[in-house]
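*Asks:* What follows is run27.tsv, TSV, N, CA and C atoms.
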```tsv
chain	number	residue	atom	x	y	z
A	20	MET	N	-6.68	16.07	16.53
A	20	MET	CA	-5.45	16.28	15.81
A	20	MET	C	-4.95	14.96	15.21
A	21	PHE	N	-4.67	13.99	16.06
A	21	PHE	CA	-4.27	12.68	15.57
A	21	PHE	C	-5.43	11.73	15.77
A	22	HIS	N	-5.50	10.74	14.93
A	22	HIS	CA	-6.58	9.78	15.08
A	22	HIS	C	-6.00	8.37	15.09
A	23	PHE	N	-6.68	7.48	15.77
A	23	PHE	CA	-6.25	6.10	15.86
A	23	PHE	C	-6.62	5.38	14.57
A	24	VAL	N	-5.63	4.73	13.99
A	24	VAL	CA	-5.86	3.97	12.77
A	24	VAL	C	-5.56	2.51	13.09
A	25	PRO	N	-6.57	1.67	13.19
A	25	PRO	CA	-6.30	0.26	13.45
A	25	PRO	C	-5.56	-0.37	12.28
A	26	VAL	N	-4.61	-1.21	12.59
A	26	VAL	CA	-3.82	-1.85	11.53
A	26	VAL	C	-4.63	-2.98	10.94
A	27	PRO	N	-4.90	-2.91	9.64
A	27	PRO	CA	-5.67	-3.98	9.00
A	27	PRO	C	-4.80	-5.22	8.80
A	28	ARG	N	-5.43	-6.29	8.47
A	28	ARG	CA	-4.70	-7.52	8.17
A	28	ARG	C	-4.19	-7.44	6.73
A	29	PRO	N	-3.05	-8.10	6.48
A	29	PRO	CA	-2.57	-8.13	5.10
A	29	PRO	C	-3.57	-8.84	4.19
A	30	CYS	N	-3.78	-8.26	3.02
A	30	CYS	CA	-4.71	-8.84	2.04
A	30	CYS	C	-3.93	-9.07	0.75
A	31	ALA	N	-3.65	-10.33	0.45
A	31	ALA	CA	-2.84	-10.67	-0.73
A	31	ALA	C	-3.48	-10.18	-2.02
A	32	LYS	N	-4.80	-10.26	-2.11
A	32	LYS	CA	-5.50	-9.82	-3.31
A	32	LYS	C	-5.35	-8.32	-3.51
A	33	GLU	N	-5.51	-7.56	-2.44
A	33	GLU	CA	-5.37	-6.10	-2.50
A	33	GLU	C	-3.92	-5.71	-2.82
A	34	GLN	N	-2.97	-6.43	-2.23
A	34	GLN	CA	-1.56	-6.13	-2.49
A	34	GLN	C	-1.19	-6.42	-3.93
A	35	ALA	N	-1.69	-7.51	-4.49
A	35	ALA	CA	-1.42	-7.82	-5.90
A	35	ALA	C	-2.01	-6.74	-6.81
A	36	LYS	N	-3.19	-6.24	-6.45
A	36	LYS	CA	-3.82	-5.16	-7.23
A	36	LYS	C	-2.98	-3.89	-7.16
A	37	ILE	N	-2.47	-3.55	-5.99
A	37	ILE	CA	-1.65	-2.36	-5.82
A	37	ILE	C	-0.36	-2.48	-6.62
A	38	ILE	N	0.27	-3.67	-6.55
A	38	ILE	CA	1.51	-3.90	-7.29
A	38	ILE	C	1.28	-3.73	-8.79
A	39	GLU	N	0.20	-4.31	-9.31
A	39	GLU	CA	-0.08	-4.22	-10.74
A	39	GLU	C	-0.40	-2.78	-11.16
A	40	GLN	N	-1.19	-2.07	-10.37
A	40	GLN	CA	-1.52	-0.69	-10.69
A	40	GLN	C	-0.27	0.19	-10.69
A	41	ALA	N	0.59	0.01	-9.71
A	41	ALA	CA	1.81	0.82	-9.63
A	41	ALA	C	2.73	0.51	-10.82
A	42	ALA	N	2.87	-0.77	-11.15
A	42	ALA	CA	3.71	-1.15	-12.29
A	42	ALA	C	3.17	-0.57	-13.60
A	43	GLN	N	1.86	-0.61	-13.79
A	43	GLN	CA	1.27	-0.06	-15.00
A	43	GLN	C	1.45	1.46	-15.08
A	44	LYS	N	1.32	2.15	-13.95
A	44	LYS	CA	1.53	3.61	-13.95
A	44	LYS	C	2.97	3.96	-14.29
A	45	ILE	N	3.91	3.22	-13.71
A	45	ILE	CA	5.33	3.46	-13.99
A	45	ILE	C	5.60	3.20	-15.47
A	46	HIS	N	5.02	2.14	-16.01
A	46	HIS	CA	5.17	1.82	-17.44
A	46	HIS	C	4.54	2.91	-18.30
A	47	GLN	N	3.39	3.40	-17.90
A	47	GLN	CA	2.69	4.44	-18.66
A	47	GLN	C	3.53	5.71	-18.77
A	48	TYR	N	4.22	6.07	-17.70
A	48	TYR	CA	5.03	7.29	-17.70
A	48	TYR	C	6.45	7.06	-18.23
A	49	GLY	N	6.78	5.83	-18.59
A	49	GLY	CA	8.09	5.54	-19.17
A	49	GLY	C	9.22	5.61	-18.16
A	50	LEU	N	8.95	5.26	-16.93
A	50	LEU	CA	9.96	5.35	-15.87
A	50	LEU	C	10.40	3.97	-15.39
A	51	LEU	N	10.38	2.98	-16.26
A	51	LEU	CA	10.72	1.63	-15.84
A	51	LEU	C	12.17	1.51	-15.39
A	52	ALA	N	13.11	2.02	-16.18
A	52	ALA	CA	14.53	1.88	-15.82
A	52	ALA	C	14.85	2.58	-14.49
A	53	PRO	N	14.44	3.84	-14.30
A	53	PRO	CA	14.73	4.47	-13.00
A	53	PRO	C	14.03	3.77	-11.83
A	54	ALA	N	12.83	3.27	-12.06
A	54	ALA	CA	12.10	2.59	-10.99
A	54	ALA	C	12.78	1.28	-10.60
A	55	ILE	N	13.24	0.53	-11.59
A	55	ILE	CA	13.94	-0.73	-11.30
A	55	ILE	C	15.25	-0.43	-10.57
A	56	PHE	N	15.99	0.56	-11.04
A	56	PHE	CA	17.26	0.94	-10.40
A	56	PHE	C	17.02	1.36	-8.95
A	57	PHE	N	16.05	2.23	-8.74
A	57	PHE	CA	15.75	2.71	-7.39
A	57	PHE	C	15.24	1.57	-6.51
A	58	GLY	N	14.40	0.71	-7.06
A	58	GLY	CA	13.86	-0.41	-6.29
A	58	GLY	C	14.94	-1.39	-5.86
A	59	GLU	N	15.86	-1.69	-6.77
A	59	GLU	CA	16.96	-2.59	-6.42
A	59	GLU	C	17.88	-1.95	-5.37
A	60	ALA	N	18.10	-0.65	-5.49
A	60	ALA	CA	18.97	0.04	-4.52
A	60	ALA	C	18.33	0.13	-3.14
A	61	MET	N	17.03	0.25	-3.10
A	61	MET	CA	16.32	0.42	-1.83
A	61	MET	C	15.83	-0.90	-1.22
A	62	LYS	N	16.08	-2.01	-1.90
A	62	LYS	CA	15.61	-3.29	-1.40
A	62	LYS	C	16.10	-3.60	0.02
A	63	PRO	N	17.35	-3.31	0.37
A	63	PRO	CA	17.80	-3.62	1.73
A	63	PRO	C	17.07	-2.83	2.82
A	64	VAL	N	16.55	-1.66	2.51
A	64	VAL	CA	15.88	-0.86	3.54
A	64	VAL	C	14.35	-0.86	3.38
A	65	SER	N	13.85	-1.73	2.51
A	65	SER	CA	12.39	-1.74	2.30
A	65	SER	C	11.65	-2.15	3.57
A	66	PHE	N	12.21	-3.07	4.35
A	66	PHE	CA	11.56	-3.48	5.59
A	66	PHE	C	11.46	-2.30	6.55
A	67	VAL	N	12.51	-1.52	6.65
A	67	VAL	CA	12.50	-0.35	7.53
A	67	VAL	C	11.47	0.67	7.06
A	68	ALA	N	11.36	0.85	5.75
A	68	ALA	CA	10.36	1.77	5.20
A	68	ALA	C	8.95	1.29	5.52
A	69	GLY	N	8.71	-0.01	5.40
A	69	GLY	CA	7.40	-0.56	5.74
A	69	GLY	C	7.07	-0.38	7.21
A	70	GLN	N	8.06	-0.60	8.07
A	70	GLN	CA	7.83	-0.41	9.50
A	70	GLN	C	7.58	1.05	9.84
A	71	ALA	N	8.25	1.95	9.13
A	71	ALA	CA	8.01	3.38	9.35
A	71	ALA	C	6.58	3.75	8.95
A	72	LEU	N	6.09	3.18	7.85
A	72	LEU	CA	4.70	3.45	7.45
A	72	LEU	C	3.73	2.94	8.52
A	73	HIS	N	4.02	1.77	9.07
A	73	HIS	CA	3.16	1.26	10.15
A	73	HIS	C	3.25	2.16	11.39
A	74	ALA	N	4.47	2.55	11.74
A	74	ALA	CA	4.68	3.31	12.97
A	74	ALA	C	4.04	4.69	12.92
A	75	PHE	N	4.07	5.31	11.75
A	75	PHE	CA	3.53	6.66	11.64
A	75	PHE	C	2.15	6.69	11.00
A	76	SER	N	1.44	5.58	11.07
A	76	SER	CA	0.10	5.53	10.47
A	76	SER	C	-0.91	6.37	11.23
A	77	PHE	N	-0.55	6.81	12.43
A	77	PHE	CA	-1.48	7.66	13.19
A	77	PHE	C	-1.52	9.08	12.65
A	78	LEU	N	-0.53	9.46	11.85
A	78	LEU	CA	-0.52	10.80	11.26
A	78	LEU	C	-1.57	10.88	10.16
A	79	PRO	N	-2.14	12.04	9.97
A	79	PRO	CA	-3.12	12.17	8.88
A	79	PRO	C	-2.49	11.86	7.53
A	80	SER	N	-3.14	11.03	6.76
A	80	SER	CA	-2.59	10.66	5.46
A	80	SER	C	-3.02	11.66	4.39
A	81	THR	N	-2.49	11.46	3.21
A	81	THR	CA	-2.85	12.35	2.11
A	81	THR	C	-4.25	12.04	1.62
A	82	TYR	N	-4.77	12.89	0.81
A	82	TYR	CA	-6.09	12.68	0.24
A	82	TYR	C	-6.03	11.79	-1.00
A	83	ILE	N	-4.83	11.52	-1.49
A	83	ILE	CA	-4.68	10.72	-2.70
A	83	ILE	C	-4.95	9.24	-2.42
A	84	LEU	N	-4.39	8.73	-1.33
A	84	LEU	CA	-4.55	7.32	-0.98
A	84	LEU	C	-5.20	7.19	0.39
A	85	SER	N	-6.01	6.17	0.55
A	85	SER	CA	-6.66	5.96	1.84
A	85	SER	C	-5.69	5.31	2.83
A	86	ASP	N	-6.07	5.33	4.10
A	86	ASP	CA	-5.24	4.71	5.13
A	86	ASP	C	-5.09	3.22	4.88
A	87	GLU	N	-6.13	2.58	4.39
A	87	GLU	CA	-6.08	1.14	4.09
A	87	GLU	C	-5.02	0.83	3.03
A	88	ILE	N	-4.97	1.65	2.00
A	88	ILE	CA	-3.98	1.42	0.93
A	88	ILE	C	-2.58	1.66	1.45
A	89	TRP	N	-2.38	2.70	2.26
A	89	TRP	CA	-1.06	2.94	2.84
A	89	TRP	C	-0.61	1.75	3.67
A	90	GLN	N	-1.53	1.16	4.44
A	90	GLN	CA	-1.18	0.00	5.26
A	90	GLN	C	-0.82	-1.20	4.38
A	91	GLN	N	-1.54	-1.40	3.29
A	91	GLN	CA	-1.21	-2.51	2.39
A	91	GLN	C	0.14	-2.28	1.72
A	92	ILE	N	0.47	-1.03	1.39
A	92	ILE	CA	1.79	-0.72	0.84
A	92	ILE	C	2.86	-1.04	1.88
A	93	ALA	N	2.58	-0.73	3.14
A	93	ALA	CA	3.53	-1.06	4.21
A	93	ALA	C	3.74	-2.57	4.30
A	94	PHE	N	2.67	-3.35	4.16
A	94	PHE	CA	2.80	-4.81	4.18
A	94	PHE	C	3.61	-5.30	2.99
A	95	ILE	N	3.46	-4.66	1.83
A	95	ILE	CA	4.25	-5.03	0.66
A	95	ILE	C	5.73	-4.77	0.93
A	96	LEU	N	6.04	-3.62	1.50
A	96	LEU	CA	7.43	-3.29	1.79
A	96	LEU	C	8.01	-4.19	2.87
A	97	ASP	N	7.19	-4.63	3.81
A	97	ASP	CA	7.66	-5.52	4.87
A	97	ASP	C	8.10	-6.88	4.36
A	98	ASP	N	7.43	-7.35	3.32
A	98	ASP	CA	7.66	-8.69	2.80
A	98	ASP	C	8.61	-8.63	1.60
A	99	ARG	N	9.79	-9.19	1.76
A	99	ARG	CA	10.80	-9.15	0.70
A	99	ARG	C	10.30	-9.82	-0.58
A	100	SER	N	9.50	-10.87	-0.46
A	100	SER	CA	9.01	-11.55	-1.66
A	100	SER	C	8.04	-10.67	-2.45
A	101	LYS	N	7.25	-9.85	-1.76
A	101	LYS	CA	6.34	-8.93	-2.46
A	101	LYS	C	7.12	-7.83	-3.17
A	102	THR	N	8.19	-7.36	-2.53
A	102	THR	CA	9.03	-6.35	-3.17
A	102	THR	C	9.68	-6.93	-4.43
A	103	GLU	N	10.13	-8.19	-4.33
A	103	GLU	CA	10.71	-8.87	-5.49
A	103	GLU	C	9.66	-9.05	-6.59
A	104	LYS	N	8.44	-9.37	-6.20
A	104	LYS	CA	7.36	-9.55	-7.17
A	104	LYS	C	7.12	-8.24	-7.94
A	105	PHE	N	7.13	-7.13	-7.22
A	105	PHE	CA	6.94	-5.82	-7.87
A	105	PHE	C	8.08	-5.54	-8.85
A	106	LEU	N	9.32	-5.76	-8.42
A	106	LEU	CA	10.45	-5.50	-9.31
A	106	LEU	C	10.45	-6.45	-10.51
A	107	SER	N	10.04	-7.69	-10.30
A	107	SER	CA	9.94	-8.65	-11.41
A	107	SER	C	8.89	-8.20	-12.41
A	108	ARG	N	7.79	-7.68	-11.91
A	108	ARG	CA	6.73	-7.19	-12.81
A	108	ARG	C	7.24	-6.01	-13.63
A	109	LEU	N	8.01	-5.12	-12.99
A	109	LEU	CA	8.59	-4.00	-13.74
A	109	LEU	C	9.54	-4.49	-14.81
A	110	GLU	N	10.34	-5.51	-14.50
A	110	GLU	CA	11.27	-6.06	-15.48
A	110	GLU	C	10.54	-6.73	-16.64
A	111	GLU	N	9.42	-7.41	-16.35
A	111	GLU	CA	8.61	-8.00	-17.42
A	111	GLU	C	8.09	-6.93	-18.36
A	112	LEU	N	7.61	-5.84	-17.80
A	112	LEU	CA	7.09	-4.73	-18.64
A	112	LEU	C	8.22	-4.11	-19.45
A	113	ALA	N	9.41	-4.03	-18.88
A	113	ALA	CA	10.54	-3.44	-19.60
A	113	ALA	C	10.95	-4.32	-20.77
A	114	GLN	N	10.86	-5.63	-20.63
A	114	GLN	CA	11.23	-6.54	-21.72
A	114	GLN	C	10.21	-6.50	-22.85
A	115	ARG	N	8.95	-6.28	-22.54
A	115	ARG	CA	7.91	-6.21	-23.57
A	115	ARG	C	7.94	-4.90	-24.32
A	116	ARG	N	8.54	-3.90	-23.74
A	116	ARG	CA	8.56	-2.57	-24.33
A	116	ARG	C	9.40	-2.56	-25.61
A	117	PRO	N	8.90	-1.96	-26.69
A	117	PRO	CA	9.66	-1.93	-27.95
A	117	PRO	C	10.87	-1.03	-27.89
```
Would you write the structure of this file as structure tokens?

*Replies:*
Amino acid sequence: MFHFVPVPRPCAKEQAKIIEQAAQKIHQYGLLAPAIFFGEAMKPVSFVAGQALHAFSFLPSTYILSDEIWQQIAFILDDRSKTEKFLSRLEELAQRRP
């Protein structure tokens, strides 16, 4: 029913790739303004969200993302500077948009 998921180590290269892919998808769908607003509003609880992802990693994950990617997303949410990097990237894309 439940399976043990060992917690991987944070990988800066993988996290940067995830941040860039997420920012490009948000830009592709034209959701930059809502994403920046939501990200800024949720910044104070991002650490709690990251810890929740770590704590409930034993639950079966979706088929869309692997357990490794979910753990790297949790590490991004845990680190305030990574969350800021993601929001800064979204703001850069919003400024380039015509």

*Asks:* Using only C-alpha atoms, which residue out of A:Asp97, A:Tyr48, A:Phe56, A:Ala42 lies closest to Gly69 (chain A)?

*Replies:* A:Asp97

*Asks:* So the first atom is CA of Ala54 (chain A) and the second is atom C of Glu110 (chain A); what is the distance between them in Å, to one decimal place?

*Replies:*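 Separating CA of Ala54 (chain A) from atom C of Glu110 (chain A) is a distance of 11.0 Å.
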
*Asks:* For Ile92 (chain A), which of A:Gln40, A:Gln34, A:Ser76, A:Gln47 is the closest residue, counting only N, CA and C atoms?

*Replies:*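 Comparing A:Gln40, A:Gln34, A:Ser76, A:Gln47 against Ile92 (chain A), the winner is A:Gln34.
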
*Asks:* So how many Å separate atom C of Leu78 (chain A) and CA of Phe105 (chain A), to one decimal?

*Replies:*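 Computing it gives 26.0 Å between the two atoms.
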
*Asks:* May I have the residues at most 12 Å from (8.9, -9.3, -6.8) in the file's coordinates, counting only C-alpha atoms, as number ranges by chain?

*Replies:* A: 34-35, 38-39, 42, 55, 58-59, 62, 95-96, 98-111

*Asks:* Would you please give, as number ranges by chain, all residues of chain A that DSSP assigns to alpha helix (DSSP H) based on the backbone?

*Replies:* A: 31-47, 51-61, 65-74, 86-97, 99-115

*Asks:* Work out how far apart atom N of Ala52 (chain A) and atom C of Phe94 (chain A) are and give it in Å to one decimal.

*Replies:*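 Taking atom N of Ala52 (chain A) and atom C of Phe94 (chain A), their separation equals 22.6 Å.
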
*Asks:* Measuring between only N, CA and C atoms, which one of A:Ala93, A:Cys30, A:Ile83, A:Leu50 shows the shortest distance to Gln70 (chain A)?

*Replies:*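 Counting only N, CA and C atoms, the residue closest to Gln70 (chain A) is A:Ala93.
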
*Asks:* Quick one: what's the axis-aligned box for region 56-61 of chain A, all listed atoms, 3 Å on every side, centre and edges in Å to one decimal, as AutoDock Vina command-line options?

*Replies:*
```
--center_x 16.4 --center_y 0.1 --center_z -6.1 --size_x 11.1 --size_y 11.3 --size_z 15.8
```

*Asks:* Could you check the closest approach to Pro27 (chain A) for each of A:Ala113, A:Ile88, A:Ala74, A:Leu51 and tell me which residue wins, using only C-alpha atoms?

*Replies:*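 Among A:Ala113, A:Ile88, A:Ala74, A:Leu51, it is A:Ile88 that comes nearest to Pro27 (chain A).
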
*Asks:* Taking all atoms listed in the file into account, name the residue in A:Lys44, A:Lys36, A:Arg115, A:His73 that is nearest to Trp89 (chain A).

*Replies:*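 Looking at the shortest contact to Trp89 (chain A), the residue is A:His73.
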